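*Asks:* Enclosed is the structure file input15.txt (compact mmCIF, C-alpha atoms and all ligand atoms).
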```txt
# COMPACT_ATOMS: atom_id res chain seq x y z
CA SER W 1180 -14.15 5.44 31.04
CA GLU W 1181 -16.99 3.63 29.27
CA ASN W 1182 -17.39 6.36 26.70
CA PRO W 1183 -14.95 5.84 23.81
CA GLU W 1184 -15.01 9.58 23.10
CA ASP W 1185 -13.32 10.17 26.46
CA ASN W 1186 -10.23 8.33 25.24
CA GLY W 1187 -8.91 8.04 21.71
CA MET W 1188 -6.84 10.38 19.63
CA TYR W 1189 -9.00 13.49 19.94
CA GLN W 1190 -8.98 13.50 23.74
CA SER W 1191 -5.26 12.63 23.94
CA LEU W 1192 -4.35 15.48 21.60
CA LYS W 1193 -6.58 17.86 23.52
CA LYS W 1194 -4.72 17.00 26.73
CA VAL W 1195 -1.35 17.54 25.06
CA LEU W 1196 -2.54 20.97 23.85
CA GLU W 1197 -2.78 22.00 27.52
CA GLU W 1198 0.68 20.66 28.53
CA LYS W 1199 3.30 23.25 29.53
CA ASP W 1200 7.07 23.10 28.96
CA GLU W 1201 9.75 24.13 31.54
CA THR W 1202 9.23 27.83 30.61
CA ASP W 1203 5.51 27.43 31.35
CA HIS W 1204 4.52 27.74 27.70
CA CYS W 1205 2.24 25.38 25.82
CA TRP W 1206 4.68 23.51 23.60
CA PHE W 1207 2.14 21.74 21.42
CA LYS W 1208 0.49 24.29 19.14
CA ASP W 1209 -2.39 24.24 16.68
CA ASP W 1210 0.21 23.86 13.92
CA ASN W 1211 1.42 20.61 15.49
CA LEU W 1212 -2.15 19.40 15.72
CA TRP W 1213 -2.79 20.21 12.06
CA GLY W 1214 0.46 18.45 11.14
CA ILE W 1215 -0.70 15.29 12.87
CA ILE W 1216 -4.16 15.37 11.31
CA ILE W 1217 -2.75 16.02 7.83
CA ASN W 1218 -0.22 13.18 8.31
CA ILE W 1219 -2.95 10.75 9.25
CA PHE W 1220 -5.18 11.63 6.30
CA GLY W 1221 -2.28 11.96 3.84
CA GLY W 1222 -0.64 8.79 5.16
CA ALA W 1223 -3.82 6.77 5.08
CA TYR W 1224 -5.74 8.19 2.12
CA LEU W 1225 -3.15 9.08 -0.55
CA THR W 1226 -1.28 5.80 -0.09
CA THR W 1227 -4.44 3.73 -0.45
CA ARG W 1228 -5.71 5.81 -3.38
CA GLY W 1229 -2.41 5.45 -5.26
CA THR W 1230 -2.52 1.68 -4.81
CA ILE W 1231 -6.16 1.29 -5.88
CA MET W 1232 -5.77 3.49 -8.98
CA SER W 1233 -2.63 1.61 -10.00
CA MET W 1234 -4.35 -1.76 -9.50
CA LEU W 1235 -7.23 -0.66 -11.75
CA HIS W 1236 -4.91 0.46 -14.54
CA ILE W 1237 -2.89 -2.77 -14.31
CA LEU W 1238 -6.05 -4.91 -14.32
CA ALA W 1239 -7.37 -3.16 -17.44
CA LYS W 1240 -4.07 -3.89 -19.23
CA ARG W 1241 -3.72 -7.48 -17.99
CA PRO W 1242 -6.94 -9.41 -18.74
CA ASP W 1243 -4.94 -12.66 -18.40
CA VAL W 1244 -4.03 -11.91 -14.77
CA GLN W 1245 -7.55 -10.63 -14.12
CA LYS W 1246 -9.05 -13.92 -15.37
CA SER W 1247 -6.78 -15.93 -13.03
CA LEU W 1248 -7.74 -13.72 -10.08
CA GLN W 1249 -11.43 -14.19 -10.90
CA THR W 1250 -11.01 -17.95 -11.14
CA GLU W 1251 -9.47 -17.98 -7.66
CA ILE W 1252 -12.20 -15.72 -6.26
CA ASP W 1253 -14.97 -17.79 -7.92
CA ASN W 1254 -13.53 -21.05 -6.55
CA VAL W 1255 -12.88 -19.85 -3.00
CA ILE W 1256 -15.65 -17.31 -2.40
CA GLY W 1257 -18.18 -17.95 -5.15
CA ASP W 1258 -20.67 -15.36 -6.34
CA VAL W 1259 -23.25 -15.43 -3.55
CA ARG W 1260 -21.59 -14.11 -0.41
CA GLU W 1261 -19.30 -11.12 -0.01
CA PRO W 1262 -15.55 -11.66 0.40
CA GLU W 1263 -14.33 -11.69 3.99
CA ILE W 1264 -10.93 -11.15 5.55
CA ARG W 1265 -10.64 -14.84 6.44
CA ASP W 1266 -10.71 -15.64 2.68
CA ARG W 1267 -7.24 -14.14 2.35
CA GLN W 1268 -5.60 -17.40 3.39
CA GLN W 1269 -7.26 -19.26 0.53
CA CYS W 1270 -6.56 -16.58 -2.08
CA PRO W 1271 -2.78 -16.54 -2.55
CA LEU W 1272 -2.99 -15.05 -6.04
CA VAL W 1273 -5.04 -12.06 -4.86
CA GLU W 1274 -2.51 -11.57 -2.04
CA ALA W 1275 0.41 -11.85 -4.47
CA PHE W 1276 -1.27 -9.36 -6.82
CA VAL W 1277 -1.56 -6.80 -4.00
CA LEU W 1278 2.06 -7.32 -2.92
CA GLU W 1279 3.36 -7.10 -6.48
CA THR W 1280 1.36 -3.92 -7.13
CA LEU W 1281 2.91 -2.35 -4.02
CA ARG W 1282 6.43 -3.46 -4.97
CA TYR W 1283 6.04 -2.42 -8.61
CA ILE W 1284 4.67 1.07 -7.89
CA SER W 1285 6.67 1.70 -4.66
CA HIS W 1286 4.70 4.91 -4.42
CA THR W 1287 6.00 5.77 -0.94
CA PRO W 1288 9.53 5.93 -2.33
CA LEU W 1289 11.38 7.31 0.71
CA ALA W 1290 11.40 6.82 4.47
CA MET W 1291 12.88 9.76 6.33
CA HIS W 1292 14.72 9.11 9.56
CA SER W 1293 17.74 10.39 11.43
CA THR W 1294 20.38 8.73 13.56
CA ARG W 1295 19.93 8.92 17.35
CA GLU W 1296 23.60 8.07 17.82
CA ALA W 1297 26.73 7.79 15.72
CA THR W 1298 26.72 4.56 13.76
CA SER W 1299 28.01 2.92 10.62
CA ILE W 1300 25.89 2.02 7.60
CA ALA W 1301 27.38 -0.27 4.96
CA GLY W 1302 30.88 0.67 6.14
CA TYR W 1303 30.25 4.44 6.19
CA HIS W 1304 30.59 6.32 9.47
CA VAL W 1305 27.44 8.35 10.16
CA GLU W 1306 27.32 11.07 12.85
CA LYS W 1307 24.57 11.38 15.44
CA ASN W 1308 21.50 13.37 14.23
CA THR W 1309 22.25 12.79 10.55
CA PRO W 1310 19.15 12.62 8.32
CA VAL W 1311 18.97 9.19 6.68
CA LEU W 1312 16.65 8.47 3.78
CA ALA W 1313 15.87 4.88 2.90
CA CYS W 1314 14.93 4.66 -0.78
CA PHE W 1315 12.30 1.94 -1.18
CA TRP W 1316 11.99 2.79 -4.88
CA SER W 1317 15.61 1.71 -5.56
CA MET W 1318 15.36 -1.29 -3.24
CA HIS W 1319 12.25 -2.56 -5.04
CA HIS W 1320 13.58 -1.92 -8.55
CA SER W 1321 17.11 -3.22 -8.09
CA ASP W 1322 17.89 -5.85 -10.70
CA THR W 1323 20.33 -7.55 -8.38
CA GLU W 1324 17.53 -8.16 -5.86
CA TRP W 1325 14.58 -8.71 -8.23
CA GLU W 1326 14.38 -10.47 -11.56
CA ASP W 1327 13.01 -8.09 -14.23
CA PRO W 1328 12.03 -5.44 -11.65
CA PHE W 1329 10.08 -3.40 -14.19
CA LEU W 1330 7.89 -6.33 -15.18
CA PHE W 1331 4.68 -6.87 -13.23
CA LYS W 1332 4.86 -10.49 -12.04
CA PRO W 1333 2.62 -11.45 -9.08
CA GLU W 1334 4.00 -14.99 -9.32
CA ARG W 1335 7.29 -13.82 -7.81
CA PHE W 1336 5.49 -13.93 -4.44
CA LEU W 1337 4.18 -17.47 -5.02
CA GLU W 1338 5.70 -20.89 -4.41
CA GLN W 1339 5.83 -23.49 -7.20
CA ASP W 1340 2.60 -25.04 -5.87
CA GLY W 1341 0.75 -21.69 -6.06
CA SER W 1342 0.75 -20.96 -2.33
CA LEU W 1343 1.91 -17.57 -1.04
CA LYS W 1344 5.58 -17.43 -0.06
CA PRO W 1345 5.76 -17.20 3.75
CA ALA W 1346 6.72 -13.88 5.38
CA SER W 1347 10.10 -15.45 6.29
CA ASP W 1348 10.96 -16.07 2.62
CA PRO W 1349 13.85 -13.89 1.33
CA VAL W 1350 11.62 -12.48 -1.44
CA ARG W 1351 8.99 -11.34 1.08
CA LYS W 1352 11.71 -9.95 3.36
CA ARG W 1353 13.04 -7.81 0.51
CA PHE W 1354 9.63 -6.12 0.30
CA LEU W 1355 9.75 -3.11 2.62
CA LEU W 1356 7.18 -0.64 1.33
CA PHE W 1357 5.69 -0.12 4.80
CA GLY W 1358 9.09 0.51 6.36
CA THR W 1359 10.60 -1.51 9.16
CA GLY W 1360 11.33 -1.09 12.85
CA ARG W 1361 9.53 0.95 15.46
CA ARG W 1362 8.45 3.76 13.08
CA SER W 1363 7.14 1.43 10.39
CA CYS W 1364 3.64 2.03 9.05
CA PRO W 1365 1.00 1.33 11.74
CA GLY W 1366 -1.61 1.08 8.95
CA GLU W 1367 0.03 -1.88 7.16
CA VAL W 1368 -2.34 -4.63 8.33
CA PHE W 1369 -5.38 -2.40 7.82
CA ALA W 1370 -4.23 -1.28 4.35
CA LYS W 1371 -3.49 -4.82 3.13
CA SER W 1372 -6.78 -6.23 4.37
CA ARG W 1373 -8.78 -3.35 2.79
CA LEU W 1374 -6.94 -3.82 -0.51
CA PHE W 1375 -7.80 -7.53 -0.45
CA LEU W 1376 -11.48 -6.80 0.25
CA LEU W 1377 -11.69 -4.14 -2.44
CA LEU W 1378 -9.98 -6.19 -5.12
CA SER W 1379 -11.87 -9.41 -4.43
CA THR W 1380 -15.26 -7.67 -4.15
CA LEU W 1381 -14.66 -5.76 -7.38
CA LEU W 1382 -13.49 -8.74 -9.44
CA GLN W 1383 -16.23 -10.97 -8.05
CA LYS W 1384 -18.79 -8.72 -9.74
CA PHE W 1385 -16.99 -6.80 -12.52
CA ASN W 1386 -14.49 -7.02 -15.33
CA VAL W 1387 -12.12 -4.06 -15.49
CA MET W 1388 -11.58 -3.08 -19.11
CA GLU W 1389 -9.96 -0.47 -21.30
CA PRO W 1390 -12.23 2.27 -22.68
CA GLU W 1391 -14.05 1.44 -25.92
CA ASP W 1392 -12.70 4.38 -27.92
CA HIS W 1393 -8.98 4.20 -27.10
CA SER W 1394 -6.47 1.88 -25.54
CA LEU W 1395 -4.57 2.78 -22.39
CA PRO W 1396 -0.80 3.10 -22.37
CA GLU W 1397 1.01 0.30 -20.52
CA PHE W 1398 1.22 1.06 -16.80
CA ASP W 1399 4.80 2.11 -16.05
CA PRO W 1400 5.57 3.14 -12.46
CA ARG W 1401 8.37 5.40 -13.79
CA GLU W 1402 5.66 7.58 -15.35
CA MET W 1403 3.79 8.20 -12.10
CA ASP W 1404 3.42 11.76 -10.78
CA SER W 1405 6.35 12.20 -8.44
CA GLY W 1406 6.06 13.23 -4.81
CA LEU W 1407 6.37 11.84 -1.32
CA ILE W 1408 3.37 9.68 -2.19
CA MET W 1409 3.37 9.12 -5.94
CA GLN W 1410 0.14 8.83 -7.93
CA PRO W 1411 -0.61 7.28 -11.31
CA LYS W 1412 -1.47 9.61 -14.18
CA PRO W 1413 -5.26 10.04 -14.73
CA PHE W 1414 -6.82 7.43 -17.02
CA LYS W 1415 -10.24 6.14 -18.06
CA ILE W 1416 -11.46 2.58 -17.73
CA ARG W 1417 -14.68 0.66 -18.12
CA PHE W 1418 -16.40 -1.66 -15.65
CA GLU W 1419 -18.44 -4.50 -17.14
CA CYS W 1420 -20.85 -6.43 -14.96
CA ARG W 1421 -19.84 -10.09 -14.92
CA ASN W 1422 -22.50 -12.49 -16.05
CA ILE W 1423 -22.87 -14.16 -12.69
CA ILE W 1424 -26.43 -15.41 -13.03
CA LYS W 1425 -26.10 -19.08 -13.91
C1 LIG U 1 -0.66 1.16 0.67
C2 LIG U 1 -0.82 1.73 1.83
C3 LIG U 1 0.29 2.32 2.67
C4 LIG U 1 1.64 2.39 2.47
C5 LIG U 1 2.44 1.88 1.28
C6 LIG U 1 2.22 3.05 3.63
C7 LIG U 1 3.58 3.30 3.80
C8 LIG U 1 4.11 3.96 4.88
C9 LIG U 1 5.51 4.26 5.06
C10 LIG U 1 6.63 3.90 4.09
C11 LIG U 1 5.65 4.90 6.24
C12 LIG U 1 6.96 5.44 6.85
C13 LIG U 1 7.73 4.32 7.52
C14 LIG U 1 9.07 4.77 7.99
O1 LIG U 1 9.25 5.97 8.25
O2 LIG U 1 9.96 3.93 8.13
C15 LIG U 1 4.33 5.03 6.82
C16 LIG U 1 4.07 5.65 8.01
C17 LIG U 1 2.80 5.83 8.52
N1 LIG U 1 1.63 5.32 8.02
FE1 LIG U 1 1.43 4.26 6.33
N2 LIG U 1 1.21 3.36 4.51
C18 LIG U 1 0.02 2.93 3.97
C19 LIG U 1 -1.23 3.02 4.54
C20 LIG U 1 -1.51 3.59 5.75
C21 LIG U 1 -2.81 3.62 6.39
C22 LIG U 1 -4.09 3.01 5.78
C23 LIG U 1 -2.66 4.28 7.58
C24 LIG U 1 -3.68 4.58 8.65
C25 LIG U 1 -4.81 3.94 8.79
C26 LIG U 1 -1.27 4.68 7.68
C27 LIG U 1 -0.73 5.40 8.72
C28 LIG U 1 0.61 5.72 8.85
C29 LIG U 1 1.15 6.53 9.93
C30 LIG U 1 0.35 7.18 11.08
C31 LIG U 1 2.54 6.59 9.74
C32 LIG U 1 3.57 7.32 10.60
C33 LIG U 1 4.16 6.36 11.62
C34 LIG U 1 5.28 6.97 12.45
O3 LIG U 1 5.89 7.95 12.02
O4 LIG U 1 5.54 6.45 13.54
N3 LIG U 1 -0.60 4.22 6.57
N4 LIG U 1 3.41 4.44 5.99
```
Could you express the structure from this file as structure tokens?
*Replies:*
Amino acid sequence: SENPEDNGMYQSLKKVLEEKDETDHCWFKDDNLWGIIINIFGGAYLTTRGTIMSMLHILAKRPDVQKSLQTEIDNVIGDVREPEIRDRQQCPLVEAFVLETLRYISHTPLAMHSTREATSIAGYHVEKNTPVLACFWSMHHSDTEWEDPFLFKPERFLEQDGSLKPASDPVRKRFLLFGTGRRSCPGEVFAKSRLFLLLSTLLQKFNVMEPEDHSLPEFDPREMDSGLIMQPKPFKIRFECRNIIK
């Protein structure tokens, strides 16, 4: 159909609501529908919010990193036009900052799956239908896999020459915050490109600073509010317009 409203998620779910099982009962109930809608909003909104709030806190505490990001943005994008997705390729430091924020906070700490058949994991026999939780938090804060895992170091995602390590690099492959395999996050590309646009647009125009009347505690991901999607503790910051008129 030409009309996009005839396809899409709403129409598909509406059709499923009418489907009958072998006992002639509708198997897909309003509760299932609510579950899906809540998953989409929770999965998309809370994850992005947690990342943005963490980035702001980190920026306010790390004026040195912020200055380097602004230098990259000024050189590649300038102060006239808005950042675009194609700028990502020329802004390795902004990309590395986003990746390191996600690794450091690992605010989606667990992926919940179960085995479809009996298997073995790291030498352990695991029965069919066993719940298996992958703990991204531990993977991303393991000091055998990462040097100084509780230090915020965007440069760990950069080559010596300042370019972004390729996706095939072992360091990039150890980063799994969006999961892996057929149930990995379908919003990964969208989320990363939005985070790039937000960060570059913000730093093009503003400095992110601590409040005037008190200094912020260091950002420590271990202090975040726990949950299936962790959030940073509330904090105040200041935005200062950059003097971009030359
Ligand atoms: C920083 C941002 C995000 C992070 C860290 C994140 C992380 C994750 C993780 C860890 C999973 C589970 C993967 C697994 O079970 O193996 C997941 C699933 C999912 N995410 Fe995201 N996500 C983010 C943003 C988004 C956005 C923006 C959307 C939608 C636009 C989205 C939609 C979903 C959906 C629908 C699922 C369920 C997929 C399935 O069960 O097949 N996510 N995400």
*Asks:* Could you list, as a PyMOL selection string, all residues that come within 10 Å of ligand LIG 1 (chain U)? Count all atoms listed in the file.
*Replies:* chain W and resi 1215-1231+1277-1278+1280-1282+1284-1292+1312-1315+1355-1374+1407-1408
*Asks:* Point out the residue among W:Ile1252, W:Ser1405, W:Asp1348, W:Gly1257 with the least atom-to-atom distance to Trp1316 of chain W, counting only C-alpha atoms.
*Replies:* W:Ser1405
*Asks:* In Å, how far is it from atom CA of Gly1187 of chain W to atom CA of Asn1211 of chain W?
*Replies:*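 It comes out at 17.4 Å.
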*Asks:* Restricting the calculation to only C-alpha atoms: of W:Trp1325, W:Arg1295, W:Pro1411, W:Glu1391, which residue gets closest to Arg1353 of chain W?
*Replies:* W:Trp1325
*Asks:* Using all atoms listed in the file, what residues lie at most 12 Å away from (1.9, -18.9, 1.9) (file coordinates), given as JSON, numbers by chain?
*Replies:* {"W": [1267, 1268, 1269, 1270, 1271, 1272, 1273, 1274, 1275, 1336, 1337, 1338, 1339, 1340, 1341, 1342, 1343, 1344, 1345, 1346, 1347, 1348, 1351]}
*Asks:* Put those residues in a file: C-alpha atoms, as a compact mmCIF listing (two decimals), in the frame of the given file.
*Replies:*
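Dumped to result09.txt:
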```
# COMPACT_ATOMS: atom_id res chain seq x y z
CA ARG W 1267 -7.24 -14.14 2.35
CA GLN W 1268 -5.60 -17.40 3.39
CA GLN W 1269 -7.26 -19.26 0.53
CA CYS W 1270 -6.56 -16.58 -2.08
CA PRO W 1271 -2.78 -16.54 -2.55
CA LEU W 1272 -2.99 -15.05 -6.04
CA VAL W 1273 -5.04 -12.06 -4.86
CA GLU W 1274 -2.51 -11.57 -2.04
CA ALA W 1275 0.41 -11.85 -4.47
CA PHE W 1336 5.49 -13.93 -4.44
CA LEU W 1337 4.18 -17.47 -5.02
CA GLU W 1338 5.70 -20.89 -4.41
CA GLN W 1339 5.83 -23.49 -7.20
CA ASP W 1340 2.60 -25.04 -5.87
CA GLY W 1341 0.75 -21.69 -6.06
CA SER W 1342 0.75 -20.96 -2.33
CA LEU W 1343 1.91 -17.57 -1.04
CA LYS W 1344 5.58 -17.43 -0.06
CA PRO W 1345 5.76 -17.20 3.75
CA ALA W 1346 6.72 -13.88 5.38
CA SER W 1347 10.10 -15.45 6.29
CA ASP W 1348 10.96 -16.07 2.62
CA ARG W 1351 8.99 -11.34 1.08
```
*Asks:* For atom CA of Leu1238 of chain W and atom CA of Met1403 of chain W, quote the distance in Å rounded to one decimal.
*Replies:*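 So the answer is 16.5 Å.
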*Asks:* What lies within 8 Å of Phe1207 of chain W using only C-alpha atoms, ignoring chain neighbours under 6 positions off, as a PyMOL selection string?
*Replies:* chain W and resi 1195-1198
*Asks:* Here is a test: counting all atoms listed in the file, which residue of W:Lys1240, W:Lys1199, W:Lys1208, W:Lys1412 is nearest to Val1387 of chain W?
*Replies:*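 Residue with the minimum atom-to-atom distance to Val1387 of chain W: W:Lys1240.
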*Asks:* Quick one: pull the distance between atom CA of Arg1417 of chain W and atom CA of Ser1247 of chain W, Å, one decimal.
*Replies:* 19.1 Å
*Asks:* Counting all atoms listed in the file, write as a list in words all protein and nucleic acid residues lying at most 12 Å from (-0.7, -1.7, -22.4) in the file's frame.
*Replies:*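 Looking at atoms near the point gives His1236, Ile1237, Leu1238, Ala1239, Lys1240, Arg1241, Pro1242, Phe1331, Met1388, Glu1389, His1393, Ser1394, Leu1395, Pro1396, Glu1397, Phe1398 and Asp1399 of chain W.
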*Asks:* Of the residues W:Pro1413, W:Gly1406, W:Gly1214, W:Pro1400, which is the one nearest to His1320 of chain W, using only C-alpha atoms?
*Replies:*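 Going through W:Pro1413, W:Gly1406, W:Gly1214, W:Pro1400 one by one, the smallest distance to His1320 of chain W is for W:Pro1400.
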*Asks:* For Val1311 of chain W, which residue out of W:Glu1402, W:Gln1249, W:Arg1335, W:Ser1299 is the nearest one, using all atoms listed in the file?
*Replies:*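 Under the stated criterion, the closest residue is W:Ser1299.
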*Asks:* Can you put all heavy atoms back into segment 1343-1353 of chain W and show it as a compact mmCIF listing (two decimals), in the frame of the given file?
*Replies:*
```txt
# COMPACT_ATOMS: atom_id res chain seq x y z
N LEU W 1343 1.18 -18.82 -1.26
CA LEU W 1343 1.91 -17.57 -1.04
C LEU W 1343 3.22 -17.86 -0.32
O LEU W 1343 3.24 -18.64 0.65
CB LEU W 1343 1.04 -16.63 -0.19
CG LEU W 1343 1.56 -15.21 -0.03
CD1 LEU W 1343 1.47 -14.43 -1.35
CD2 LEU W 1343 0.77 -14.48 1.06
N LYS W 1344 4.31 -17.26 -0.79
CA LYS W 1344 5.58 -17.43 -0.06
C LYS W 1344 5.40 -16.94 1.37
O LYS W 1344 4.76 -15.89 1.58
CB LYS W 1344 6.68 -16.63 -0.74
CG LYS W 1344 7.13 -17.24 -2.05
CD LYS W 1344 8.44 -16.64 -2.53
CE LYS W 1344 9.14 -17.62 -3.42
NZ LYS W 1344 9.26 -17.38 -4.76
N PRO W 1345 5.94 -17.65 2.37
CA PRO W 1345 5.76 -17.20 3.75
C PRO W 1345 6.51 -15.91 4.02
O PRO W 1345 7.47 -15.58 3.30
CB PRO W 1345 6.35 -18.35 4.58
CG PRO W 1345 7.26 -19.06 3.66
CD PRO W 1345 6.75 -18.87 2.26
N ALA W 1346 6.10 -15.18 5.07
CA ALA W 1346 6.72 -13.88 5.38
C ALA W 1346 8.23 -14.02 5.64
O ALA W 1346 8.97 -13.06 5.48
CB ALA W 1346 6.03 -13.26 6.59
N SER W 1347 8.67 -15.24 6.01
CA SER W 1347 10.10 -15.45 6.29
C SER W 1347 10.91 -15.66 5.01
O SER W 1347 12.14 -15.70 5.06
CB SER W 1347 10.25 -16.68 7.19
OG SER W 1347 9.65 -17.80 6.55
N ASP W 1348 10.25 -15.82 3.87
CA ASP W 1348 10.96 -16.07 2.62
C ASP W 1348 11.79 -14.83 2.23
O ASP W 1348 11.33 -13.70 2.39
CB ASP W 1348 9.93 -16.37 1.52
CG ASP W 1348 10.57 -16.83 0.24
OD1 ASP W 1348 11.07 -15.96 -0.53
OD2 ASP W 1348 10.60 -18.04 0.00
N PRO W 1349 13.01 -15.04 1.69
CA PRO W 1349 13.85 -13.89 1.33
C PRO W 1349 13.15 -12.90 0.39
O PRO W 1349 13.35 -11.69 0.51
CB PRO W 1349 15.05 -14.54 0.63
CG PRO W 1349 15.05 -15.96 1.04
CD PRO W 1349 13.68 -16.33 1.48
N VAL W 1350 12.31 -13.40 -0.51
CA VAL W 1350 11.62 -12.48 -1.44
C VAL W 1350 10.67 -11.57 -0.66
O VAL W 1350 10.64 -10.35 -0.87
CB VAL W 1350 10.85 -13.29 -2.52
CG1 VAL W 1350 9.99 -12.36 -3.37
CG2 VAL W 1350 11.82 -14.06 -3.39
N ARG W 1351 9.91 -12.15 0.27
CA ARG W 1351 8.99 -11.34 1.08
C ARG W 1351 9.78 -10.36 1.96
O ARG W 1351 9.35 -9.23 2.19
CB ARG W 1351 8.12 -12.24 1.96
CG ARG W 1351 7.06 -13.07 1.23
CD ARG W 1351 5.81 -12.27 0.87
NE ARG W 1351 5.13 -11.68 2.00
CZ ARG W 1351 4.22 -12.29 2.76
NH1 ARG W 1351 3.86 -13.53 2.48
NH2 ARG W 1351 3.64 -11.67 3.77
N LYS W 1352 10.93 -10.82 2.45
CA LYS W 1352 11.71 -9.95 3.36
C LYS W 1352 12.32 -8.76 2.63
O LYS W 1352 12.62 -7.75 3.23
CB LYS W 1352 12.81 -10.77 4.04
CG LYS W 1352 12.28 -11.63 5.16
CD LYS W 1352 13.39 -12.38 5.80
CE LYS W 1352 13.24 -12.40 7.29
NZ LYS W 1352 14.33 -13.11 7.92
N ARG W 1353 12.49 -8.91 1.31
CA ARG W 1353 13.04 -7.81 0.51
C ARG W 1353 11.98 -6.74 0.23
O ARG W 1353 12.28 -5.68 -0.28
CB ARG W 1353 13.51 -8.36 -0.83
CG ARG W 1353 14.99 -8.44 -0.93
CD ARG W 1353 15.39 -9.13 -2.20
NE ARG W 1353 15.97 -10.41 -1.88
CZ ARG W 1353 15.84 -11.51 -2.61
NH1 ARG W 1353 15.15 -11.50 -3.72
NH2 ARG W 1353 16.42 -12.61 -2.23
```
